[in-house]
$ cat start.tsv   # TSV, C-alpha atoms
chain	number	residue	atom	x	y	z
T	1	MET	CA	20.84	22.64	-12.17
T	2	ILE	CA	18.88	21.01	-9.35
T	3	LYS	CA	20.79	18.78	-6.94
T	4	PHE	CA	18.79	15.78	-5.75
T	5	GLY	CA	19.90	13.42	-2.99
T	6	ILE	CA	18.81	9.81	-2.56
T	7	ILE	CA	18.80	9.40	1.22
T	8	LYS	CA	19.52	6.38	3.39
T	9	GLU	CA	16.44	4.79	4.98
T	10	ARG	CA	16.86	4.89	8.75
T	11	LYS	CA	13.47	3.86	10.10
T	12	ASN	CA	13.15	0.58	11.99
T	13	PRO	CA	12.37	-2.11	11.00
T	14	PRO	CA	14.80	-1.54	8.10
T	15	ASP	CA	13.27	-0.82	4.69
T	16	ARG	CA	15.33	-1.84	1.67
T	17	ARG	CA	13.32	0.17	-0.89
T	18	VAL	CA	14.52	3.34	-2.60
T	19	VAL	CA	12.92	5.98	-4.83
T	20	PHE	CA	15.26	5.26	-7.78
T	21	SER	CA	17.33	2.26	-8.80
T	22	PRO	CA	20.71	2.91	-10.52
T	23	GLU	CA	19.08	2.30	-13.91
T	24	GLY	CA	16.20	4.56	-12.92
T	25	LEU	CA	18.60	7.41	-12.15
T	26	LYS	CA	20.27	6.96	-15.54
T	27	LYS	CA	16.87	7.36	-17.20
T	28	VAL	CA	16.21	10.56	-15.24
T	29	THR	CA	19.55	12.19	-16.07
T	30	SER	CA	19.36	11.27	-19.74
T	31	LYS	CA	15.92	12.89	-19.95
T	32	PHE	CA	16.63	15.86	-17.67
T	33	THR	CA	20.24	16.95	-18.06
T	34	GLU	CA	19.86	19.65	-15.40
T	35	ALA	CA	19.06	17.03	-12.75
T	36	HIS	CA	22.11	16.06	-10.71
T	37	PHE	CA	21.96	13.13	-8.25
T	38	THR	CA	24.04	12.19	-5.22
T	39	VAL	CA	23.37	8.92	-3.39
T	40	GLU	CA	23.77	8.62	0.37
T	41	SER	CA	25.67	5.45	1.26
T	42	SER	CA	23.48	2.66	2.64
T	43	ASP	CA	24.25	-0.84	3.86
T	44	ILE	CA	20.61	-2.00	3.74
T	45	ARG	CA	19.35	-0.72	0.38
T	46	ILE	CA	18.39	-3.42	-2.14
T	47	PHE	CA	20.75	-1.83	-4.68
T	48	LYS	CA	24.32	-1.73	-3.39
T	49	ASP	CA	26.46	1.41	-3.33
T	50	PHE	CA	28.77	0.08	-6.04
T	51	ALA	CA	25.80	-0.36	-8.41
T	52	TYR	CA	25.16	3.39	-8.26
T	53	GLN	CA	28.86	4.12	-8.65
T	54	GLU	CA	29.05	1.86	-11.69
T	55	ALA	CA	26.08	3.74	-13.14
T	56	GLY	CA	28.10	6.97	-12.79
T	57	PHE	CA	26.68	8.49	-9.58
T	58	THR	CA	28.53	9.80	-6.55
T	59	VAL	CA	27.96	7.84	-3.33
T	60	THR	CA	28.74	9.73	-0.14
T	61	ASN	CA	27.91	9.97	3.58
T	62	ASP	CA	27.05	13.65	3.28
T	63	VAL	CA	24.11	14.88	1.17
T	64	SER	CA	23.82	18.29	2.85
T	65	ASP	CA	24.71	20.12	-0.37
T	66	CYS	CA	21.60	18.73	-2.14
T	67	ASP	CA	18.49	20.86	-2.66
T	68	VAL	CA	15.88	18.08	-2.76
T	69	LEU	CA	16.14	14.89	-0.68
T	70	LEU	CA	14.23	11.79	-1.78
T	71	GLY	CA	13.32	8.98	0.62
T	72	VAL	CA	10.64	6.37	1.19
T	73	LYS	CA	9.78	6.17	4.90
T	74	GLU	CA	9.79	8.81	7.64
T	75	VAL	CA	13.16	10.42	8.36
T	76	PRO	CA	14.11	10.27	12.07
T	77	ILE	CA	14.02	13.79	13.53
T	78	GLU	CA	17.73	13.87	14.38
T	79	TYR	CA	18.64	13.22	10.72
T	80	LEU	CA	16.47	15.98	9.21
T	81	ILE	CA	18.63	18.64	7.53
T	82	PRO	CA	17.18	22.16	7.99
T	83	ASN	CA	16.07	24.34	5.06
T	84	LYS	CA	15.79	21.47	2.56
T	85	LYS	CA	13.01	20.07	0.40
T	86	TYR	CA	12.11	16.48	1.38
T	87	PHE	CA	9.95	13.82	-0.27
T	88	PHE	CA	8.85	10.82	1.81
T	89	PHE	CA	5.77	9.11	3.25
T	90	SER	CA	5.34	11.21	6.41
T	91	HIS	CA	2.24	9.42	7.77
T	92	THR	CA	0.92	12.67	9.20
T	93	ILE	CA	-1.99	13.62	6.92
T	94	LYS	CA	-4.46	11.50	8.94
T	95	LYS	CA	-3.19	13.12	12.17
T	96	GLN	CA	-1.27	10.02	13.22
T	97	PRO	CA	-0.29	10.70	16.87
T	98	TYR	CA	3.03	8.87	16.59
T	99	ASN	CA	4.33	11.36	13.98
T	100	ARG	CA	3.14	14.62	15.55
T	101	ASP	CA	6.67	15.42	16.78
T	102	LEU	CA	8.07	14.70	13.31
T	103	LEU	CA	5.80	17.29	11.70
T	104	ARG	CA	6.60	19.80	14.45
T	105	ALA	CA	10.33	19.29	13.82
T	106	ILE	CA	9.85	19.73	10.06
T	107	LEU	CA	8.22	23.11	10.71
T	108	GLU	CA	10.88	24.15	13.23
T	109	LYS	CA	13.68	23.27	10.79
T	110	ASN	CA	12.02	25.24	7.96
T	111	ILE	CA	11.78	22.10	5.80
T	112	GLU	CA	9.56	22.01	2.72
T	113	LEU	CA	7.84	18.63	3.00
T	114	TYR	CA	6.25	16.87	0.03
T	115	ASP	CA	4.40	13.67	0.84
T	116	HIS	CA	4.30	10.82	-1.71
T	117	GLU	CA	0.82	9.93	-0.50
T	118	VAL	CA	-0.68	13.23	-1.70
T	119	ILE	CA	1.00	13.43	-5.10
T	120	VAL	CA	-2.21	13.50	-7.11
T	121	GLY	CA	-3.42	14.27	-10.60
T	122	GLU	CA	-6.15	16.61	-11.85
T	123	ARG	CA	-9.00	14.44	-10.58
T	124	GLY	CA	-7.42	13.90	-7.17
T	125	PHE	CA	-6.25	10.32	-7.72
T	126	ARG	CA	-2.83	9.28	-6.48
T	127	LEU	CA	-0.15	9.23	-9.16
T	128	ILE	CA	2.57	7.25	-7.39
T	129	GLY	CA	2.82	4.59	-4.70
T	130	PHE	CA	3.63	0.99	-3.91
T	131	GLY	CA	0.02	-0.23	-4.10
T	132	ARG	CA	0.53	-2.57	-7.04
T	133	TYR	CA	3.32	-4.39	-5.21
T	134	ALA	CA	1.28	-4.58	-1.99
T	135	GLY	CA	-1.37	-6.35	-4.09
T	136	ILE	CA	1.16	-8.75	-5.60
T	137	VAL	CA	2.85	-9.69	-2.31
T	138	GLY	CA	-0.39	-9.73	-0.29
T	139	THR	CA	-2.04	-12.17	-2.69
T	140	TYR	CA	1.02	-14.42	-2.67
T	141	ASN	CA	0.98	-14.33	1.15
T	142	GLY	CA	-2.71	-15.20	1.13
T	143	PHE	CA	-2.01	-18.43	-0.75
T	144	ARG	CA	0.95	-19.12	1.52
T	145	ALA	CA	-1.44	-18.80	4.48
T	146	TRP	CA	-3.88	-21.24	2.85
T	147	GLY	CA	-1.15	-23.85	2.41
T	148	LEU	CA	0.04	-23.50	6.01
T	149	LYS	CA	-3.48	-23.56	7.46
T	150	TYR	CA	-4.39	-26.81	5.71
T	151	ASP	CA	-0.93	-28.39	5.45
T	152	THR	CA	-1.41	-28.84	1.71
T	153	PHE	CA	1.66	-27.01	0.37
T	154	ARG	CA	4.50	-24.83	1.63
T	155	LEU	CA	5.44	-21.63	-0.14
T	156	PRO	CA	8.67	-19.84	0.83
T	157	LYS	CA	8.39	-16.38	2.35
T	158	ALA	CA	8.12	-13.67	-0.31
T	159	GLU	CA	11.06	-11.75	1.21
T	160	THR	CA	13.36	-14.71	0.42
T	161	LEU	CA	12.56	-14.53	-3.30
T	162	ALA	CA	14.32	-12.26	-5.80
T	163	ASP	CA	11.40	-10.73	-7.69
T	164	ARG	CA	7.82	-11.04	-8.79
T	165	LYS	CA	8.68	-13.66	-11.42
T	166	SER	CA	10.06	-15.86	-8.62
T	167	LEU	CA	6.78	-15.50	-6.74
T	168	GLU	CA	4.87	-16.61	-9.81
T	169	THR	CA	7.23	-19.57	-10.30
T	170	GLU	CA	6.57	-20.76	-6.74
T	171	LEU	CA	2.81	-20.33	-7.13
T	172	SER	CA	2.85	-22.36	-10.36
T	173	LYS	CA	3.98	-25.39	-8.34
T	174	ILE	CA	1.00	-25.51	-5.96
T	175	GLN	CA	-2.28	-27.36	-6.35
T	176	LEU	CA	-5.39	-25.60	-5.09
T	177	PRO	CA	-8.74	-27.20	-4.32
T	178	PRO	CA	-11.81	-25.80	-6.15
T	179	ILE	CA	-12.07	-22.75	-3.91
T	180	LYS	CA	-13.87	-19.48	-4.54
T	181	ILE	CA	-11.84	-16.29	-4.10
T	182	ALA	CA	-13.34	-12.80	-3.74
T	183	LEU	CA	-11.19	-9.74	-4.41
T	184	THR	CA	-12.41	-6.26	-3.45
T	185	GLY	CA	-10.86	-3.23	-5.11
T	186	LYS	CA	-10.12	-2.16	-8.67
T	187	GLY	CA	-7.33	0.34	-8.02
T	188	LYS	CA	-3.57	-0.25	-8.00
T	189	VAL	CA	-3.74	-2.74	-5.09
T	190	GLY	CA	-6.59	-4.69	-6.64
T	191	GLY	CA	-4.79	-4.61	-9.98
T	192	GLY	CA	-1.64	-6.10	-8.44
T	193	ALA	CA	-3.69	-8.85	-6.78
T	194	LYS	CA	-5.43	-9.59	-10.09
T	195	GLU	CA	-2.05	-9.91	-11.84
T	196	ILE	CA	-1.16	-12.77	-9.51
T	197	LEU	CA	-4.54	-14.52	-9.83
T	198	ASP	CA	-4.28	-14.31	-13.62
T	199	ALA	CA	-0.66	-15.49	-13.60
T	200	MET	CA	-1.87	-18.55	-11.67
T	201	LYS	CA	-4.47	-19.07	-14.42
T	202	ILE	CA	-7.29	-18.98	-11.89
T	203	LYS	CA	-10.54	-18.51	-13.79
T	204	GLU	CA	-12.26	-15.13	-13.40
T	205	VAL	CA	-16.07	-15.30	-13.34
T	206	SER	CA	-18.93	-12.78	-13.23
T	207	VAL	CA	-20.69	-11.83	-9.99
T	208	ASP	CA	-23.81	-13.76	-10.92
T	209	THR	CA	-21.87	-16.88	-11.87
T	210	TYR	CA	-19.74	-16.67	-8.72
T	211	LEU	CA	-22.75	-16.39	-6.44
T	212	ASN	CA	-24.88	-19.09	-8.05
T	213	GLU	CA	-22.69	-21.78	-9.60
T	214	THR	CA	-20.28	-24.41	-8.30
T	215	PHE	CA	-16.98	-25.33	-9.93
T	216	ASP	CA	-14.45	-28.13	-9.93
T	217	VAL	CA	-11.56	-25.65	-10.34
T	218	PRO	CA	-10.58	-22.54	-8.35
T	219	VAL	CA	-12.34	-19.35	-9.49
T	220	TYR	CA	-12.27	-15.69	-8.50
T	221	VAL	CA	-14.42	-12.60	-8.78
T	222	GLN	CA	-13.15	-9.01	-8.60
T	223	ILE	CA	-15.82	-6.74	-7.17
T	224	ASP	CA	-16.18	-2.99	-6.97
T	225	VAL	CA	-17.95	-0.87	-4.33
T	226	LEU	CA	-21.44	-1.04	-5.86
T	227	GLU	CA	-21.30	-4.83	-5.90
T	228	TYR	CA	-20.68	-5.17	-2.17
T	229	ASN	CA	-22.67	-2.11	-1.02
T	230	LYS	CA	-26.26	-1.08	-1.77
T	231	ARG	CA	-28.29	2.06	-1.20
T	232	LYS	CA	-30.67	1.96	1.75
T	233	ASP	CA	-33.50	3.24	-0.45
T	234	GLY	CA	-32.96	0.55	-3.08
T	235	GLN	CA	-31.89	2.94	-5.85
T	236	THR	CA	-29.04	1.94	-8.14
T	237	LEU	CA	-26.91	4.98	-8.87
T	238	ASP	CA	-23.27	5.37	-9.89
T	239	LYS	CA	-19.98	5.07	-8.00
T	240	SER	CA	-19.68	8.81	-7.56
T	241	ASP	CA	-22.88	8.75	-5.51
T	242	PHE	CA	-21.34	6.14	-3.21
T	243	TYR	CA	-18.22	8.26	-2.70
T	244	LYS	CA	-20.27	11.42	-2.10
T	245	ASN	CA	-22.95	9.83	0.10
T	246	PRO	CA	-21.48	6.74	1.79
T	247	GLN	CA	-23.90	7.16	4.71
T	248	GLU	CA	-26.78	6.31	2.35
T	249	TYR	CA	-25.38	2.80	1.82
T	250	VAL	CA	-25.29	-0.49	3.71
T	251	GLY	CA	-22.89	-3.37	3.19
T	252	ASP	CA	-23.95	-6.20	0.90
T	253	PHE	CA	-20.84	-8.35	1.16
T	254	MET	CA	-22.52	-11.20	3.06
T	255	ARG	CA	-23.92	-12.57	-0.20
T	256	PHE	CA	-20.29	-13.13	-1.22
T	257	ALA	CA	-19.14	-14.29	2.24
T	258	LYS	CA	-21.64	-17.17	2.09
T	259	VAL	CA	-19.87	-18.77	-0.87
T	260	THR	CA	-16.28	-17.45	-0.52
T	261	ASP	CA	-13.38	-19.53	0.81
T	262	MET	CA	-10.62	-16.91	0.53
T	263	TYR	CA	-11.07	-13.15	0.64
T	264	ILE	CA	-8.46	-10.68	-0.66
T	265	ALA	CA	-9.08	-7.12	0.58
T	266	GLY	CA	-7.50	-4.70	-1.87
T	267	HIS	CA	-10.00	-1.83	-1.66
T	268	PHE	CA	-9.63	1.76	-0.49
T	269	PHE	CA	-11.89	2.36	2.52
T	270	GLY	CA	-13.33	5.87	2.69
T	271	GLU	CA	-14.52	7.55	5.85
T	272	GLY	CA	-18.21	6.93	6.50
T	273	ALA	CA	-18.44	3.91	4.18
T	274	PRO	CA	-20.14	0.74	5.50
T	275	PHE	CA	-17.93	-2.01	6.90
T	276	ILE	CA	-17.32	-4.89	4.51
T	277	PHE	CA	-18.09	-7.45	7.18
T	278	THR	CA	-18.67	-6.90	10.88
T	279	ARG	CA	-17.83	-9.07	13.89
T	280	ASN	CA	-21.46	-10.15	13.98
T	281	ASP	CA	-21.31	-11.09	10.29
T	282	ALA	CA	-18.30	-13.31	11.00
T	283	LYS	CA	-20.33	-15.11	13.72
T	284	SER	CA	-23.05	-16.05	11.25
T	285	LYS	CA	-23.39	-19.72	10.35
T	286	ASP	CA	-23.56	-18.55	6.71
T	287	PHE	CA	-20.09	-16.95	6.90
T	288	ASN	CA	-17.83	-19.26	4.89
T	289	ILE	CA	-14.53	-17.36	4.58
T	290	LYS	CA	-11.53	-19.31	5.90
T	291	VAL	CA	-8.58	-17.14	4.85
T	292	VAL	CA	-8.47	-13.33	4.73
T	293	ALA	CA	-5.57	-11.61	2.97
T	294	ASP	CA	-6.20	-8.06	4.17
T	295	ILE	CA	-3.82	-5.98	2.06
T	296	SER	CA	-5.57	-2.75	3.09
T	297	CYS	CA	-4.87	-3.60	6.75
T	298	ASP	CA	-7.19	-1.16	8.55
T	299	ILE	CA	-7.15	-2.19	12.22
T	300	ASP	CA	-10.61	-2.65	13.80
T	301	GLY	CA	-11.99	-1.39	10.53
T	302	PRO	CA	-14.08	-2.65	7.62
T	303	VAL	CA	-12.65	-6.20	7.73
T	304	ALA	CA	-13.66	-7.31	11.21
T	305	SER	CA	-11.11	-10.11	11.50
T	306	THR	CA	-8.21	-7.64	11.23
T	307	ILE	CA	-7.70	-6.92	14.92
T	308	ARG	CA	-4.01	-6.06	14.61
T	309	SER	CA	-1.30	-5.58	12.05
T	310	ALA	CA	1.02	-8.55	11.64
T	311	THR	CA	4.67	-8.32	10.59
T	312	VAL	CA	6.74	-9.47	7.64
T	313	ALA	CA	8.51	-11.84	10.05
T	314	ASP	CA	5.23	-13.26	11.39
T	315	PRO	CA	2.51	-12.32	8.90
T	316	MET	CA	-0.43	-14.47	10.02
T	317	TYR	CA	-2.67	-15.00	13.00
T	318	GLY	CA	-5.99	-16.68	13.73
T	319	TYR	CA	-9.26	-14.89	14.51
T	320	ASP	CA	-11.97	-16.63	16.53
T	321	PRO	CA	-15.31	-15.14	15.42
T	322	GLU	CA	-17.14	-16.31	18.55
T	323	THR	CA	-14.81	-14.73	21.11
T	324	GLU	CA	-13.58	-11.96	18.75
T	325	THR	CA	-10.05	-12.71	19.89
T	326	GLU	CA	-6.79	-13.95	18.43
T	327	ILE	CA	-6.10	-17.68	18.44
T	328	ASP	CA	-3.70	-20.07	16.73
T	329	TYR	CA	-4.40	-19.90	13.00
T	330	LYS	CA	-4.24	-23.72	12.85
T	331	ASP	CA	-7.24	-23.96	15.21
T	332	ALA	CA	-10.32	-25.35	13.43
T	333	LYS	CA	-12.36	-22.34	14.63
T	334	ALA	CA	-9.87	-19.81	13.26
T	335	ILE	CA	-10.22	-17.54	10.27
T	336	VAL	CA	-6.63	-17.11	9.09
T	337	VAL	CA	-5.72	-13.43	8.81
T	338	MET	CA	-2.77	-12.16	6.77
T	339	ALA	CA	-2.60	-8.44	7.53
T	340	VAL	CA	0.75	-6.69	7.04
T	341	ASP	CA	0.93	-2.92	6.49
T	342	ASN	CA	4.30	-2.82	4.69
T	343	LEU	CA	3.97	-5.64	2.16
T	344	PRO	CA	6.00	-3.99	-0.66
T	345	CYS	CA	9.08	-4.26	1.60
T	346	GLU	CA	9.08	-7.97	0.72
T	347	LEU	CA	9.64	-7.21	-2.95
T	348	PRO	CA	12.08	-4.27	-2.66
T	349	LYS	CA	13.73	-4.54	-6.10
T	350	ASP	CA	10.56	-4.64	-8.19
T	351	ALA	CA	8.77	-2.16	-5.92
T	352	SER	CA	11.63	0.37	-6.15
T	353	GLU	CA	11.91	0.06	-9.92
T	354	GLY	CA	8.16	0.54	-10.36
T	355	PHE	CA	8.06	3.49	-7.97
T	356	GLY	CA	10.96	5.18	-9.77
T	357	GLU	CA	9.19	4.87	-13.13
T	358	MET	CA	6.14	6.67	-11.70
T	359	PHE	CA	8.27	9.32	-9.98
T	360	LEU	CA	10.09	10.02	-13.24
T	361	GLU	CA	6.84	10.26	-15.19
T	362	TYR	CA	4.83	12.42	-12.80
T	363	VAL	CA	7.11	14.29	-10.38
T	364	ILE	CA	10.54	15.00	-11.86
T	365	PRO	CA	9.12	16.96	-14.85
T	366	ALA	CA	7.40	19.37	-12.41
T	367	PHE	CA	10.81	20.68	-11.33
T	368	PHE	CA	11.65	21.68	-14.90
T	369	ASN	CA	8.31	22.82	-16.39
T	370	GLY	CA	7.32	25.35	-13.75
T	371	ASP	CA	5.05	22.78	-12.06
T	372	GLN	CA	2.53	23.32	-14.84
T	373	ASP	CA	0.20	20.58	-13.53
T	374	GLY	CA	0.43	21.67	-9.89
T	375	VAL	CA	1.91	18.33	-8.79
T	376	LEU	CA	4.38	19.95	-6.40
T	377	GLU	CA	1.95	22.55	-5.14
T	378	LYS	CA	-0.68	19.95	-4.25
T	379	SER	CA	1.75	17.64	-2.45
T	380	ARG	CA	3.56	20.36	-0.44
T	381	ILE	CA	2.56	20.08	3.22
T	382	THR	CA	4.90	22.69	4.72
T	383	GLN	CA	6.61	25.82	3.42
T	384	GLY	CA	8.39	28.69	5.17
T	385	GLY	CA	7.94	27.11	8.59
T	386	GLN	CA	4.15	26.85	8.21
T	387	LEU	CA	1.52	24.46	6.94
T	388	THR	CA	0.36	25.15	3.40
T	389	LYS	CA	-3.27	26.14	2.90
T	390	ARG	CA	-4.33	22.69	1.71
T	391	PHE	CA	-2.98	21.11	4.91
T	392	SER	CA	-3.94	23.84	7.38
T	393	TYR	CA	-6.39	21.34	8.93
T	394	LEU	CA	-3.33	19.80	10.66
T	395	GLN	CA	-2.71	22.91	12.79
T	396	GLU	CA	-4.64	21.69	15.85
T	397	TYR	CA	-2.97	18.27	15.48
T	398	ILE	CA	0.45	19.98	15.65
T	399	GLU	CA	-0.64	21.99	18.67
T	400	GLY	CA	-1.73	18.80	20.43
T	401	LYS	CA	-5.37	19.82	20.58
T	402	GLU	CA	-6.52	16.67	18.80

$ encode --input "start.tsv" --output "structure tokens"
Amino acid sequence: MIKFGIIKERKNPPDRRVVFSPEGLKKVTSKFTEAHFTVESSDIRIFKDFAYQEAGFTVTNDVSDCDVLLGVKEVPIEYLIPNKKYFFFSHTIKKQPYNRDLLRAILEKNIELYDHEVIVGERGFRLIGFGRYAGIVGTYNGFRAWGLKYDTFRLPKAETLADRKSLETELSKIQLPPIKIALTGKGKVGGGAKEILDAMKIKEVSVDTYLNETFDVPVYVQIDVLEYNKRKDGQTLDKSDFYKNPQEYVGDFMRFAKVTDMYIAGHFFGEGAPFIFTRNDAKSKDFNIKVVADISCDIDGPVASTIRSATVADPMYGYDPETETEIDYKDAKAIVVMAVDNLPCELPKDASEGFGEMFLEYVIPAFFNGDQDGVLEKSRITQGGQLTKRFSYLQEYIEGKE
């Protein structure tokens, strides 16, 4: 038997998500009878304590007898239980300075840390995450920003709505002008964004049609890396070449920016890749984009108008291309920016249920099949008070040398 604990989320601002819903846990225990779950009591979780109790699980304030502890966000240092296995998003793999002490404490307490972000399959692609729900909420918020900018409609905040269906119901009530919408990214985030655009019955068009034709209804195009980047030498190769040799490419997004009214950024941005649009691009008289829903939310990165991360409480700001500074988003000069780095928090029920389904499919079996696909091995950052080989590059980060 393996004893798993569902831990209380303690990071601020509060996060209502959880790895498994009550129904999700029932699915796990019916499939894996040797899996035993205890739920740490929480007053903020989207699923109440009694819902887990009704589903047959023990709810307690003490999960110290569990072997494996499952959470979503970083665990505050003072709440880490020594000599346990933990799963959560540690936000340390990119050497984030603000979590250096957390990783040090994990090593000192002899904790075996597994990071959701590096749970990958054979080809190195992520198996689990909240990306789809970031795409869904971010796209909704993008349309909410449009309505507020132009005083044409008012959508309620996503966090006030029960689930994704409610978001779609609200969007079905609005009337959009014949705008053109560009969506970058074809992964989980881009897929979530596309779900919303399709639910709104916005017409999808080809790149050529998007760039060269006008419409009397809203349309969108979903573009991949080779459509908004081009090789410096003019060759047309495949996507793998772009990922291997990003330095050989330059951005080609301006051809879209000239005709786009709303831009949804749902791409993954790799190190060394060209920026999607620069601050100088945004100054161009040809730059037509009025609303940017930057779901990827890389600060001072590939989307030049994203100069800071906004919050769920206050998700929008204005960007003045001329001064490169923040202004009121209602200002005529402003590009409206919706850039929030924890969008799935606004849809905690759906996001948790979806995450649990992926965790059950890809991670739980590894505990009972000898980790035959290496899922646990590849996502293990620390073991025996040391970094694992795959994450040894973090040693100088821990020592404060970088």

$ closest_atom_pairs --input "start.tsv" --of "segment 90-193 of chain T" --to "segment 333-339 of chain T" --cutoff "12 Å" --atoms "only C-alpha atoms" --output "Markdown table"
| residue | atom | partner | partner_atom | distance |
| --- | --- | --- | --- | --- |
| T:Ala134 | CA | T:Ala339 | CA | 11.0 |
| T:Gly135 | CA | T:Ala339 | CA | 11.9 |
| T:Val137 | CA | T:Met338 | CA | 11.0 |
| T:Gly138 | CA | T:Met338 | CA | 7.8 |
| T:Thr139 | CA | T:Met338 | CA | 9.5 |
| T:Tyr140 | CA | T:Met338 | CA | 10.4 |
| T:Asn141 | CA | T:Met338 | CA | 7.1 |
| T:Gly142 | CA | T:Met338 | CA | 6.4 |
| T:Phe143 | CA | T:Met338 | CA | 9.8 |
| T:Arg144 | CA | T:Met338 | CA | 9.5 |
| T:Ala145 | CA | T:Val336 | CA | 7.1 |
| T:Trp146 | CA | T:Val336 | CA | 8.0 |
| T:Gly147 | CA | T:Val336 | CA | 11.0 |
| T:Leu148 | CA | T:Val336 | CA | 9.7 |
| T:Lys149 | CA | T:Val336 | CA | 7.4 |
| T:Tyr150 | CA | T:Val336 | CA | 10.5 |

$ residues_near_point --input "start.tsv" --point "(-1.8, 10.7, 6.2)" --cutoff "12 Å" --atoms "only C-alpha atoms" --output "PyMOL selection string"
chain T and resi 74+88-100+103+114-119+379+381+391+393-394

$ atom_distance --input "start.tsv" --atom1 "atom CA of Val363 of chain T" --atom2 "atom CA of Glu78 of chain T"
26.9 Å

$ atom_distance --input "start.tsv" --atom1 "atom CA of Lys84 of chain T" --atom2 "atom CA of Thr382 of chain T"
11.2 Å

$ closest_residue --input "start.tsv" --among "T:Lys109, T:Pro365, T:Val59, T:Cys345" --to "Tyr79 of chain T" --atoms "all atoms listed in the file"
T:Lys109

$ closest_residue --input "start.tsv" --among "T:Pro82, T:Gly192, T:Gly121, T:Pro14" --to "Ile46 of chain T" --atoms "only C-alpha atoms"
T:Pro14

$ atom_distance --input "start.tsv" --atom1 "atom CA of Ala51 of chain T" --atom2 "atom CA of Phe130 of chain T"
22.7 Å
